[in-house]
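All remarks here apply to the structure that follows.
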Amino acid sequence: MDRLQRRLAQFAAARDWEPYHTPKNLAVALSVEASELVEIFQWLTPEQSAKVMEKPESAHRVADEVADVLAYLLQFCEVLGVDVLDALAAKIERNELRFPVPGSSGPNRHSSE
């Protein structure tokens, strides 16, 4: 992950893009790229969406948008000093406490509750 973040930083630096890579701009770009990923699935049925990777043209689009989302997320984390893997691990731990396995002690709520 660190190697990819360094590579993205070098890519941006070589093009003098760092002044534009503010937290706000990167968050907006991340949102745009996530929306482009959503657009692929917008009018598909659940069954069609489950098969999207079976067609080379749609599989390529999905992979490209996933890469764009991850690239902007990594750049965002780099700028703000967030360790993405530590943040994810901490969030999983909090969710395990919030949403225990059914049948165990504690409330069993869904994130929409």
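Ordering of the structure tokens sets the chain letters (A, B, ...), residue numbers begin anew at 1 in every chain, and ligands are numbered from 1 in the order given.
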Residues of stretch 17-97 of chain A that approach stretch 4-10 of chain A to 7 Å or less, counting only C-alpha atoms: could you list each one with the shortest pair of atoms and its distance in Å to one decimal, rows by chain and increasing residue number, as CSV?
```
residue,atom,partner,partner_atom,distance
A:Leu74,CA,A:Gln5,CA,6.0
A:Gln75,CA,A:Gln5,CA,6.6
A:Glu78,CA,A:Gln5,CA,6.9
```
Subject >> Per-residue DSSP, chain A, filtered to helix (DSSP H, G or I), as a count of residues only >> reply: 83
Original post:
If you count only C-alpha atoms, which residues fall within 10 Å of stretch 48-65 of chain A, apart from same-chain ones fewer than 5 positions away, as number ranges by chain?
Top reply: A: 33-43, 70-71
Go ahead and write the selection's residues with C-alpha atoms as a short mmCIF file (atom, residue, chain, number, x, y, z; two decimals), in the first residue's frame.
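Contents of result-v5.cif, as written:
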```
data_model
loop_
_atom_site.label_atom_id
_atom_site.label_comp_id
_atom_site.auth_asym_id
_atom_site.auth_seq_id
_atom_site.Cartn_x
_atom_site.Cartn_y
_atom_site.Cartn_z
CA GLU A 33 -15.12 8.37 -9.31
CA ALA A 34 -17.40 6.43 -6.93
CA SER A 35 -20.36 7.86 -8.84
CA GLU A 36 -18.84 6.65 -12.10
CA LEU A 37 -18.65 3.17 -10.59
CA VAL A 38 -22.30 3.41 -9.51
CA GLU A 39 -23.26 4.55 -13.01
CA ILE A 40 -22.18 1.18 -14.43
CA PHE A 41 -24.74 -0.58 -12.22
CA GLN A 42 -27.45 2.10 -12.25
CA TRP A 43 -30.07 0.38 -14.40
CA LEU A 70 -8.73 3.50 -4.74
CA ALA A 71 -6.20 5.91 -6.22
#
```
Original post:
Which residue, A:Ala14, A:Ala90, A:Met1, A:Ala27, has the smallest gap to A:Leu73 when you use only C-alpha atoms?
Top reply: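 The closest residue to A:Leu73 is A:Ala27.
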**OP:** May I ask for the distance between atom CA of A:Leu26 and atom CA of A:Phe76, given in Å to one decimal place?
**Re:** 5.6 Å
Original post:
Could you state the separation of atom CA of A:Val84 and atom CA of A:Ser31 in Å, given to one decimal place?
Top reply: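 Taking atom CA of A:Val84 and atom CA of A:Ser31, their separation equals 17.0 Å.
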Original post:
Between atom CA of A:Asp86 and atom CA of A:Trp17, what is the spacing in Å?
Top reply: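 Calculated distance between atom CA of A:Trp17 and atom CA of A:Asp86 is 26.9 Å.
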